[in-house]
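Structure data follow from structure-v6.txt (compact mmCIF, C-alpha atoms):
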```txt
# COMPACT_ATOMS: atom_id res chain seq x y z
CA MET A 1 150.57 65.72 -163.22
CA ALA A 2 151.85 68.53 -161.07
CA HIS A 3 154.37 70.98 -162.44
CA ILE A 4 157.11 72.16 -160.15
CA LEU A 5 157.94 75.85 -160.42
CA ILE A 6 160.97 77.33 -158.67
CA PHE A 7 161.41 81.05 -157.91
CA LYS A 8 163.89 83.36 -156.29
CA THR A 9 162.13 85.77 -153.91
CA ASN A 10 162.72 88.21 -151.06
CA ILE A 11 160.10 86.65 -148.80
CA GLU A 12 162.09 86.76 -145.61
CA THR A 13 160.04 87.73 -142.58
CA ASP A 14 157.19 85.89 -140.90
CA THR A 15 154.82 88.68 -141.88
CA ALA A 16 155.84 88.39 -145.51
CA HIS A 17 155.49 84.62 -145.31
CA TYR A 18 152.00 84.97 -143.86
CA GLU A 19 150.96 87.44 -146.54
CA VAL A 20 152.20 85.25 -149.37
CA ALA A 21 150.61 82.20 -147.74
CA SER A 22 147.15 83.70 -147.93
CA LEU A 23 147.65 84.51 -151.62
CA LEU A 24 148.99 81.09 -152.56
CA ASN A 25 146.44 79.16 -150.55
CA ALA A 26 143.71 81.03 -152.38
CA HIS A 27 145.31 80.44 -155.79
CA SER A 28 143.34 77.88 -157.80
CA SER A 29 146.30 76.39 -159.67
CA VAL A 30 148.52 75.95 -156.61
CA ILE A 31 148.49 72.42 -155.17
CA GLY A 32 151.29 72.93 -152.68
CA TRP A 33 154.06 75.40 -151.94
CA HIS A 34 157.10 75.92 -149.75
CA ILE A 35 159.49 78.80 -149.05
CA ASP A 36 163.03 78.04 -147.95
CA LYS A 37 163.71 81.12 -145.85
CA ASP A 38 167.15 79.80 -144.84
CA ASP A 39 168.35 79.99 -148.42
CA VAL A 40 169.98 83.15 -149.82
CA ASP A 41 167.47 83.15 -152.67
CA LYS A 42 164.48 82.55 -150.33
CA VAL A 43 163.44 79.91 -152.81
CA LEU A 44 159.72 79.53 -153.40
CA ARG A 45 158.79 76.07 -154.66
CA ILE A 46 155.34 75.59 -156.08
CA GLU A 47 153.47 72.51 -157.17
CA SER A 48 151.01 73.75 -159.72
CA THR A 49 148.39 72.36 -162.08
CA ILE A 50 149.75 74.62 -164.81
CA ALA A 51 153.27 74.86 -166.21
CA ASN A 52 153.17 78.58 -166.81
CA SER A 53 154.82 80.61 -164.09
CA SER A 54 153.79 84.14 -165.09
CA GLU A 55 150.57 84.08 -163.08
CA ILE A 56 152.42 83.21 -159.87
CA ILE A 57 155.06 85.87 -160.54
CA SER A 58 152.46 88.60 -161.02
CA THR A 59 150.52 87.50 -157.93
CA ILE A 60 153.62 87.73 -155.74
CA ASN A 61 154.84 90.93 -157.42
CA LYS A 62 151.48 92.61 -156.82
CA ALA A 63 151.87 91.92 -153.11
CA GLY A 64 155.13 93.89 -153.29
CA PHE A 65 157.69 91.09 -153.29
CA ILE A 66 160.38 90.12 -155.73
CA CYS A 67 159.62 86.87 -157.54
CA GLU A 68 161.73 85.70 -160.45
CA GLU A 69 162.05 82.31 -162.01
CA LEU A 70 165.31 80.65 -160.98
CA PRO A 71 167.09 79.55 -164.16
CA ASP A 72 167.77 75.84 -164.76
CA MET B 1 148.75 77.81 -191.07
CA ASN B 2 146.11 78.68 -188.51
CA GLU B 3 146.28 79.57 -184.86
CA HIS B 4 146.17 75.87 -183.88
CA SER B 5 149.18 74.87 -185.90
CA PHE B 6 151.51 76.27 -183.32
CA ILE B 7 151.50 74.12 -180.24
CA PHE B 8 153.04 75.67 -177.19
CA VAL B 9 155.01 73.06 -175.27
CA PRO B 10 155.89 74.35 -171.83
CA GLU B 11 159.37 73.68 -170.64
CA MET B 12 159.05 70.95 -168.08
CA ARG B 13 161.30 70.25 -165.17
CA VAL B 14 161.82 66.55 -165.14
CA ARG B 15 163.46 64.33 -162.63
CA ASP B 16 166.66 62.71 -163.77
CA ILE B 17 167.69 59.51 -161.99
CA HIS B 18 171.42 59.96 -162.63
CA LYS B 19 171.34 63.51 -161.41
CA GLU B 20 169.47 62.43 -158.30
CA LYS B 21 172.15 59.86 -157.53
CA LEU B 22 174.90 62.44 -157.98
CA VAL B 23 173.09 64.85 -155.71
CA LYS B 24 172.82 62.26 -152.93
CA GLN B 25 176.45 61.26 -153.19
CA LYS B 26 177.68 64.87 -153.21
CA ALA B 27 175.35 65.78 -150.35
CA ILE B 28 176.90 63.09 -148.15
CA GLU B 29 180.42 64.16 -149.15
CA LEU B 30 179.75 67.83 -148.41
CA MET B 31 178.07 67.15 -145.08
CA LEU B 32 181.11 65.17 -143.98
CA GLN B 33 183.46 67.86 -145.22
CA ASP B 34 181.67 70.98 -143.95
CA GLY B 35 179.47 69.57 -141.21
CA ILE B 36 175.69 69.73 -141.27
CA ASN B 37 175.59 73.41 -140.26
CA GLY B 38 178.05 74.39 -142.97
CA PHE B 39 176.14 72.47 -145.60
CA SER B 40 173.79 74.42 -147.90
CA MET B 41 171.65 73.94 -150.98
CA GLN B 42 173.79 76.56 -152.78
CA LYS B 43 177.04 74.70 -152.05
CA LEU B 44 175.48 71.42 -153.09
CA ALA B 45 174.19 72.79 -156.40
CA LYS B 46 177.66 74.17 -157.15
CA ALA B 47 179.37 70.88 -156.27
CA CYS B 48 176.98 68.98 -158.56
CA GLY B 49 177.32 71.47 -161.39
CA ILE B 50 173.57 72.03 -161.44
CA SER B 51 171.45 75.07 -160.73
CA VAL B 52 169.88 75.71 -157.36
CA ALA B 53 166.50 75.58 -159.11
CA THR B 54 167.11 72.02 -160.22
CA LEU B 55 167.96 71.02 -156.68
CA TYR B 56 164.67 72.45 -155.45
CA ILE B 57 162.79 70.18 -157.85
CA TYR B 58 163.92 67.24 -155.75
CA TYR B 59 163.84 68.75 -152.27
CA THR B 60 161.91 71.55 -150.57
CA ASN B 61 164.85 72.59 -148.37
CA LYS B 62 168.00 71.40 -146.63
CA GLU B 63 166.11 69.56 -143.87
CA ASP B 64 163.97 67.75 -146.42
CA LEU B 65 167.10 66.75 -148.31
CA ILE B 66 168.95 65.41 -145.26
CA ILE B 67 165.95 63.36 -144.17
CA LYS B 68 165.26 61.97 -147.65
CA VAL B 69 168.91 61.08 -148.25
CA GLY B 70 169.09 59.52 -144.78
CA ILE B 71 165.98 57.42 -145.25
CA GLU B 72 167.02 56.17 -148.64
CA GLU B 73 170.55 55.29 -147.53
CA GLY B 74 169.17 53.73 -144.36
CA LYS B 75 166.89 51.47 -146.35
CA ARG B 76 169.79 50.44 -148.55
CA MET B 77 171.83 49.66 -145.46
CA HIS B 78 169.09 47.54 -143.93
CA GLU B 79 168.61 45.66 -147.17
CA ALA B 80 172.31 44.86 -147.12
CA MET B 81 172.04 43.68 -143.51
CA THR B 82 169.26 41.20 -144.17
CA LYS B 83 170.80 39.71 -147.31
CA GLY B 84 170.93 35.92 -146.93
CA PHE B 85 169.60 36.24 -143.40
CA SER B 86 166.42 34.78 -141.99
CA ALA B 87 164.76 34.88 -138.57
CA ASP B 88 164.68 31.05 -138.50
CA MET B 89 168.44 30.64 -138.60
CA PRO B 90 170.17 29.02 -135.64
CA PHE B 91 171.41 31.86 -133.41
CA ALA B 92 175.14 31.38 -134.05
CA GLU B 93 174.66 31.19 -137.79
CA GLY B 94 172.29 34.19 -137.87
CA LEU B 95 174.52 36.41 -135.77
CA LYS B 96 177.51 35.46 -137.91
CA LYS B 97 175.55 36.51 -141.02
CA GLN B 98 174.61 39.80 -139.33
CA TRP B 99 178.23 40.52 -138.48
CA GLU B 100 179.37 39.69 -142.00
CA ASN B 101 176.65 41.81 -143.59
CA ARG B 102 177.17 44.77 -141.29
CA ALA B 103 180.95 44.67 -141.70
CA ALA B 104 180.68 44.37 -145.48
CA TYR B 105 178.33 47.35 -145.64
CA ALA B 106 180.43 49.51 -143.35
CA LEU B 107 183.66 48.72 -145.23
CA LYS B 108 182.11 49.32 -148.64
CA ASN B 109 180.19 52.47 -147.65
CA LYS B 110 182.59 54.33 -145.40
CA GLU B 111 181.19 57.78 -146.21
CA THR B 112 177.58 56.79 -145.65
CA SER B 113 178.48 55.07 -142.39
CA ALA B 114 180.26 58.23 -141.24
CA PHE B 115 177.24 60.29 -142.32
CA PHE B 116 174.96 58.20 -140.10
CA GLU B 117 177.40 58.59 -137.23
CA ASN B 118 177.29 62.38 -137.72
CA ILE B 119 173.54 62.77 -137.80
CA LYS B 120 172.95 60.40 -134.90
CA HIS B 121 172.81 63.25 -132.42
CA THR B 122 170.82 65.71 -134.53
CA SER B 123 167.10 66.35 -134.84
CA TYR B 124 167.15 64.62 -138.22
CA ALA B 125 167.93 61.26 -136.69
CA ASP B 126 164.46 60.68 -135.21
CA ALA B 127 162.64 61.10 -138.50
CA ILE B 128 165.10 58.83 -140.26
CA VAL B 129 165.34 56.12 -137.62
CA THR B 130 161.56 55.83 -137.22
CA GLU B 131 161.13 55.38 -140.93
CA ILE B 132 163.88 52.83 -141.52
CA THR B 133 163.71 50.61 -138.47
CA GLU B 134 160.01 49.93 -138.91
CA ALA B 135 160.60 47.42 -141.66
CA TYR B 136 163.67 45.92 -140.07
CA ARG B 137 162.76 45.52 -136.41
CA PRO B 138 160.22 42.64 -136.69
CA ILE B 139 162.67 40.24 -138.34
CA MET B 140 165.39 40.96 -135.76
CA LYS B 141 162.92 40.58 -132.92
CA GLN B 142 161.69 37.28 -134.35
CA PHE B 143 165.29 36.11 -134.68
CA THR B 144 166.11 36.67 -131.00
CA GLN B 145 162.75 35.30 -129.81
CA ASN B 146 163.31 32.10 -131.78
CA ALA B 147 166.81 31.79 -130.36
CA ILE B 148 165.55 32.26 -126.79
CA ALA B 149 162.77 29.69 -127.33
CA ARG B 150 165.33 27.19 -128.67
CA LYS B 151 167.56 27.92 -125.66
CA GLU B 152 170.37 29.18 -127.88
CA LEU B 153 170.31 32.67 -126.42
CA ARG B 154 170.25 33.89 -122.85
CA PHE B 155 167.25 36.04 -121.95
CA ILE B 156 168.59 39.47 -120.96
CA SER B 157 167.50 43.10 -121.38
CA PHE B 158 167.51 44.36 -124.95
CA GLU B 159 170.29 46.89 -124.34
CA SER B 160 172.55 44.30 -122.70
CA TYR B 161 171.87 41.95 -125.58
CA TRP B 162 172.57 44.52 -128.25
CA SER B 163 175.72 45.91 -126.67
CA VAL B 164 177.21 42.44 -126.26
CA ALA B 165 175.96 41.09 -129.61
CA TYR B 166 177.08 44.05 -131.76
CA GLY B 167 179.24 46.31 -129.59
CA PRO B 168 182.51 44.48 -130.32
CA LEU B 169 181.86 44.53 -134.07
CA TYR B 170 181.21 48.27 -134.13
CA THR B 171 184.28 48.91 -131.99
CA LEU B 172 186.41 47.03 -134.53
CA LEU B 173 184.79 48.92 -137.40
CA LYS B 174 185.47 52.21 -135.64
CA PHE B 175 189.12 51.21 -135.24
CA GLU B 176 189.19 50.44 -138.97
CA GLN B 177 187.65 53.81 -139.80
CA ASP B 178 190.24 55.59 -137.68
CA GLY B 179 193.03 53.36 -138.96
CA LYS B 180 194.16 52.87 -135.39
CA SER B 181 192.96 51.24 -132.21
CA VAL B 182 193.56 52.03 -128.56
CA GLY B 183 196.69 54.13 -127.88
CA ASN B 184 197.18 54.89 -131.59
CA ARG B 185 198.07 51.31 -132.44
CA PRO B 186 197.81 50.92 -136.23
CA PHE B 187 194.83 48.74 -137.05
CA LYS B 188 193.48 46.93 -140.10
CA PHE B 189 190.14 45.13 -139.95
CA SER B 190 190.27 41.46 -140.95
CA LYS B 191 187.92 38.49 -141.04
CA LYS B 192 190.26 36.69 -138.66
CA ILE B 193 189.89 39.33 -135.99
CA MET B 194 186.14 39.59 -136.63
CA TYR B 195 185.53 35.85 -136.19
CA GLU B 196 187.81 35.80 -133.15
CA SER B 197 185.60 38.41 -131.44
CA LEU B 198 182.38 36.80 -132.66
CA GLU B 199 183.38 33.51 -131.05
CA LEU B 200 183.61 35.19 -127.65
CA VAL B 201 180.31 37.01 -128.18
CA LEU B 202 178.53 33.75 -128.97
CA LYS B 203 180.03 32.15 -125.89
CA ALA B 204 178.86 35.05 -123.72
CA LEU B 205 175.30 34.99 -124.99
CA LYS B 206 174.72 31.26 -124.46
CA PRO B 207 172.18 30.46 -121.73
```

Kindly return the structure encoded in the file as structure tokens.
Amino acid sequence: MAHILIFKTNIETDTAHYEVASLLNAHSSVIGWHIDKDDVDKVLRIESTIANSSEIISTINKAGFICEELPD
Amino acid sequence: MNEHSFIFVPEMRVRDIHKEKLVKQKAIELMLQDGINGFSMQKLAKACGISVATLYIYYTNKEDLIIKVGIEEGKRMHEAMTKGFSADMPFAEGLKKQWENRAAYALKNKETSAFFENIKHTSYADAIVTEITEAYRPIMKQFTQNAIARKELRFISFESYWSVAYGPLYTLLKFEQDGKSVGNRPFKFSKKIMYESLELVLKALKP
């Protein structure tokens, strides 16, 4: 079963999107992902094989972008 | 107590059917109120009393939401239209059933009907129409082909057929929605007026 993880980010530009894309596509636990760049929170939605979000957060943070879990 | 006695259960985001229904209903309401451009995931989450994160469990973005809501409502509408209807019915009986079903749906689901009217001319319409008419088209096509073969229906171009067969009904339903007809005349839809128009339609479509 896939876990859906939702994050608030500042991934706004095409360049940023491209950079994050290469990281997520290479990530072993990521099945699918989507960034809603029209949203104020630039919401990153990830379908993952694991429920823990810390790995994703650190991956995105390391690339220099904000990535925080959006609270339920 | 050892290290295995503590089981870490990750917090899971689960779909909730009731919440999903509320989201759809509010989405339609908001789109009618603010228009499609003024509609946003943030506004919808607020209107539903849920977090934006929860909304993103169901939908990847606004476009995804509009298309999914449209497809689901469209399927529901087409189910309502084919209730008690079959392609083998005599033409007059079948068309009467279609009129009754379509009118009943439109009168009971005024907001959804208005929503479909609103998205008709947007880029969302294509994705929705393709998906929902696929299941519905064969039975309607069979219905008219049977009627033509039995010489109950005049053979004319599809657009002429459709505009004559359903145009009057949708004009009456539009009047009902506006509460007035031509020249601001107050109007209330009734079965009497529906059957009166249907009678003329059936007469016109006879070979």

Pairwise distance, CA of Met140 (chain B) with CA of Ser86 (chain B), equals 8.8 Å

Residues within 6 Å of Asp36 (chain A), please, as a PyMOL selection string. Count all atoms listed in the file; anything in the same chain fewer than 4 positions from it doesn't count. (chain A and resi 42-43) or (chain B and resi 61)

Could you list, as an mmCIF file with C-alpha atoms, keeping the file's coordinate frame, every residue of chain A that has an atom within 7 Å of an atom of chain B, counting only C-alpha atoms?
```cif
data_model
loop_
_atom_site.group_PDB
_atom_site.id
_atom_site.type_symbol
_atom_site.label_atom_id
_atom_site.label_comp_id
_atom_site.auth_asym_id
_atom_site.auth_seq_id
_atom_site.Cartn_x
_atom_site.Cartn_y
_atom_site.Cartn_z
ATOM 1 C CA ILE A 4 157.110 72.160 -160.150
ATOM 2 C CA ILE A 6 160.970 77.330 -158.670
ATOM 3 C CA HIS A 34 157.100 75.920 -149.750
ATOM 4 C CA ASP A 36 163.030 78.040 -147.950
ATOM 5 C CA ARG A 45 158.790 76.070 -154.660
ATOM 6 C CA ALA A 51 153.270 74.860 -166.210
ATOM 7 C CA LEU A 70 165.310 80.650 -160.980
ATOM 8 C CA PRO A 71 167.090 79.550 -164.160
ATOM 9 C CA ASP A 72 167.770 75.840 -164.760
#
```

Using all atoms listed in the file, find the one residue out of A:Ser28, A:Ser54, A:Ser22, A:Asn61 that sits nearest to Asn10 (chain A). A:Asn61

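The space separating CA of Asp88 (chain B) from CA of Phe158 (chain B) comes to 19.2 Å.
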
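Taking all atoms listed in the file into account, Tyr124 (chain B) lies nearest to B:Ile66 out of the set B:Ile66, B:Leu22, B:Leu30, B:Ala87.
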
Applying 12 Å and all atoms listed in the file, which residues near Glu72 (chain B) remain after dropping the ones on its own chain fewer than 2 positions away? List them as a compact mmCIF listing (two decimals) with C-alpha atoms, in the frame of the given file.
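Saved file selection_26.txt follows:
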```txt
# COMPACT_ATOMS: atom_id res chain seq x y z
CA GLU B 20 169.47 62.43 -158.30
CA LYS B 21 172.15 59.86 -157.53
CA LYS B 24 172.82 62.26 -152.93
CA GLN B 25 176.45 61.26 -153.19
CA LEU B 65 167.10 66.75 -148.31
CA ILE B 66 168.95 65.41 -145.26
CA ILE B 67 165.95 63.36 -144.17
CA LYS B 68 165.26 61.97 -147.65
CA VAL B 69 168.91 61.08 -148.25
CA GLY B 70 169.09 59.52 -144.78
CA GLY B 74 169.17 53.73 -144.36
CA LYS B 75 166.89 51.47 -146.35
CA ARG B 76 169.79 50.44 -148.55
CA MET B 77 171.83 49.66 -145.46
CA HIS B 78 169.09 47.54 -143.93
CA GLU B 79 168.61 45.66 -147.17
CA THR B 112 177.58 56.79 -145.65
CA PHE B 116 174.96 58.20 -140.10
CA ILE B 128 165.10 58.83 -140.26
CA VAL B 129 165.34 56.12 -137.62
CA GLU B 131 161.13 55.38 -140.93
CA ILE B 132 163.88 52.83 -141.52
```

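Put simply, CA of Val40 (chain A) is 8.9 Å away from CA of Lys8 (chain A).
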
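In this comparison, which uses only C-alpha atoms, the residue of B:Met89, B:Ile17, B:Ala45, B:Leu169 approaching Asn101 (chain B) most closely is B:Leu169.
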
Counting all atoms listed in the file, the residue among A:Ala26, A:Ala2, A:Ala21, A:Ile56 that lies closest to Glu69 (chain A) is A:Ile56

Mind giving me the axis-aligned box for region 30-49 of chain A with 5 Å on every side, centre plus edges in Å to one decimal, as AutoDock Vina command-line options?
```
--center_x 159.2 --center_y 77.8 --center_z -153.5 --size_x 31.6 --size_y 20.8 --size_z 27.2
```

Residue among B:Ala127, B:Ile28, B:Ile139, B:Leu202 lying closest to Met81 (chain B), counting all atoms listed in the file: B:Ile139

My structure is short of atoms at region 24-45 of chain B; please model N, CA, C and O atoms there, returning them as a PDB file, in the coordinates of the input.
```
ATOM      1  N   LYS B  24     172.742  62.972-154.207  1.00  0.00           N
ATOM      2  CA  LYS B  24     172.820  62.260-152.930  1.00  0.00           C
ATOM      3  C   LYS B  24     174.264  62.027-152.502  1.00  0.00           C
ATOM      4  O   LYS B  24     174.628  62.256-151.352  1.00  0.00           O
ATOM      5  N   GLN B  25     175.052  61.574-153.472  1.00  0.00           N
ATOM      6  CA  GLN B  25     176.450  61.260-153.190  1.00  0.00           C
ATOM      7  C   GLN B  25     177.213  62.534-152.779  1.00  0.00           C
ATOM      8  O   GLN B  25     177.939  62.536-151.782  1.00  0.00           O
ATOM      9  N   LYS B  26     177.002  63.606-153.520  1.00  0.00           N
ATOM     10  CA  LYS B  26     177.680  64.870-153.210  1.00  0.00           C
ATOM     11  C   LYS B  26     177.191  65.438-151.881  1.00  0.00           C
ATOM     12  O   LYS B  26     177.963  66.054-151.142  1.00  0.00           O
ATOM     13  N   ALA B  27     175.907  65.258-151.600  1.00  0.00           N
ATOM     14  CA  ALA B  27     175.350  65.780-150.350  1.00  0.00           C
ATOM     15  C   ALA B  27     176.056  65.123-149.162  1.00  0.00           C
ATOM     16  O   ALA B  27     176.466  65.805-148.213  1.00  0.00           O
ATOM     17  N   ILE B  28     176.230  63.811-149.229  1.00  0.00           N
ATOM     18  CA  ILE B  28     176.900  63.090-148.150  1.00  0.00           C
ATOM     19  C   ILE B  28     178.352  63.562-148.017  1.00  0.00           C
ATOM     20  O   ILE B  28     178.833  63.854-146.921  1.00  0.00           O
ATOM     21  N   GLU B  29     179.024  63.684-149.149  1.00  0.00           N
ATOM     22  CA  GLU B  29     180.420  64.160-149.150  1.00  0.00           C
ATOM     23  C   GLU B  29     180.547  65.534-148.502  1.00  0.00           C
ATOM     24  O   GLU B  29     181.398  65.756-147.649  1.00  0.00           O
ATOM     25  N   LEU B  30     179.669  66.453-148.925  1.00  0.00           N
ATOM     26  CA  LEU B  30     179.750  67.830-148.410  1.00  0.00           C
ATOM     27  C   LEU B  30     179.415  67.909-146.928  1.00  0.00           C
ATOM     28  O   LEU B  30     180.027  68.675-146.188  1.00  0.00           O
ATOM     29  N   MET B  31     178.436  67.113-146.501  1.00  0.00           N
ATOM     30  CA  MET B  31     178.070  67.150-145.080  1.00  0.00           C
ATOM     31  C   MET B  31     179.212  66.648-144.207  1.00  0.00           C
ATOM     32  O   MET B  31     179.407  67.125-143.099  1.00  0.00           O
ATOM     33  N   LEU B  32     179.971  65.675-144.740  1.00  0.00           N
ATOM     34  CA  LEU B  32     181.110  65.170-143.980  1.00  0.00           C
ATOM     35  C   LEU B  32     182.229  66.204-143.955  1.00  0.00           C
ATOM     36  O   LEU B  32     182.920  66.375-142.959  1.00  0.00           O
ATOM     37  N   GLN B  33     182.381  66.893-145.075  1.00  0.00           N
ATOM     38  CA  GLN B  33     183.460  67.860-145.220  1.00  0.00           C
ATOM     39  C   GLN B  33     183.185  69.143-144.424  1.00  0.00           C
ATOM     40  O   GLN B  33     184.050  69.634-143.699  1.00  0.00           O
ATOM     41  N   ASP B  34     181.975  69.678-144.553  1.00  0.00           N
ATOM     42  CA  ASP B  34     181.670  70.980-143.950  1.00  0.00           C
ATOM     43  C   ASP B  34     180.816  70.896-142.679  1.00  0.00           C
ATOM     44  O   ASP B  34     180.513  71.920-142.079  1.00  0.00           O
ATOM     45  N   GLY B  35     180.379  69.712-142.341  1.00  0.00           N
ATOM     46  CA  GLY B  35     179.470  69.570-141.210  1.00  0.00           C
ATOM     47  C   GLY B  35     178.059  69.917-141.649  1.00  0.00           C
ATOM     48  O   GLY B  35     177.874  70.542-142.694  1.00  0.00           O
ATOM     49  N   ILE B  36     177.074  69.508-140.861  1.00  0.00           N
ATOM     50  CA  ILE B  36     175.690  69.730-141.270  1.00  0.00           C
ATOM     51  C   ILE B  36     175.341  71.217-141.267  1.00  0.00           C
ATOM     52  O   ILE B  36     174.643  71.696-142.156  1.00  0.00           O
ATOM     53  N   ASN B  37     175.878  71.969-140.313  1.00  0.00           N
ATOM     54  CA  ASN B  37     175.590  73.410-140.260  1.00  0.00           C
ATOM     55  C   ASN B  37     176.207  74.165-141.430  1.00  0.00           C
ATOM     56  O   ASN B  37     175.642  75.142-141.911  1.00  0.00           O
ATOM     57  N   GLY B  38     177.362  73.715-141.873  1.00  0.00           N
ATOM     58  CA  GLY B  38     178.050  74.390-142.970  1.00  0.00           C
ATOM     59  C   GLY B  38     177.534  73.982-144.344  1.00  0.00           C
ATOM     60  O   GLY B  38     177.917  74.552-145.358  1.00  0.00           O
ATOM     61  N   PHE B  39     176.664  72.992-144.344  1.00  0.00           N
ATOM     62  CA  PHE B  39     176.140  72.470-145.600  1.00  0.00           C
ATOM     63  C   PHE B  39     174.971  73.321-146.078  1.00  0.00           C
ATOM     64  O   PHE B  39     174.132  73.727-145.281  1.00  0.00           O
ATOM     65  N   SER B  40     174.923  73.637-147.386  1.00  0.00           N
ATOM     66  CA  SER B  40     173.790  74.420-147.900  1.00  0.00           C
ATOM     67  C   SER B  40     173.388  73.957-149.295  1.00  0.00           C
ATOM     68  O   SER B  40     174.169  73.312-149.999  1.00  0.00           O
ATOM     69  N   MET B  41     172.174  74.294-149.663  1.00  0.00           N
ATOM     70  CA  MET B  41     171.650  73.940-150.980  1.00  0.00           C
ATOM     71  C   MET B  41     172.519  74.590-152.065  1.00  0.00           C
ATOM     72  O   MET B  41     172.762  74.009-153.114  1.00  0.00           O
ATOM     73  N   GLN B  42     172.969  75.832-151.804  1.00  0.00           N
ATOM     74  CA  GLN B  42     173.790  76.560-152.780  1.00  0.00           C
ATOM     75  C   GLN B  42     175.117  75.832-153.025  1.00  0.00           C
ATOM     76  O   GLN B  42     175.520  75.644-154.161  1.00  0.00           O
ATOM     77  N   LYS B  43     175.754  75.416-151.916  1.00  0.00           N
ATOM     78  CA  LYS B  43     177.040  74.700-152.050  1.00  0.00           C
ATOM     79  C   LYS B  43     176.847  73.380-152.781  1.00  0.00           C
ATOM     80  O   LYS B  43     177.688  72.982-153.584  1.00  0.00           O
ATOM     81  N   LEU B  44     175.744  72.715-152.467  1.00  0.00           N
ATOM     82  CA  LEU B  44     175.480  71.420-153.090  1.00  0.00           C
ATOM     83  C   LEU B  44     175.256  71.565-154.595  1.00  0.00           C
ATOM     84  O   LEU B  44     175.807  70.801-155.388  1.00  0.00           O
ATOM     85  N   ALA B  45     174.467  72.559-154.968  1.00  0.00           N
ATOM     86  CA  ALA B  45     174.190  72.790-156.400  1.00  0.00           C
ATOM     87  C   ALA B  45     175.505  73.039-157.137  1.00  0.00           C
ATOM     88  O   ALA B  45     175.748  72.473-158.204  1.00  0.00           O
TER      89      ALA B  45
END
```
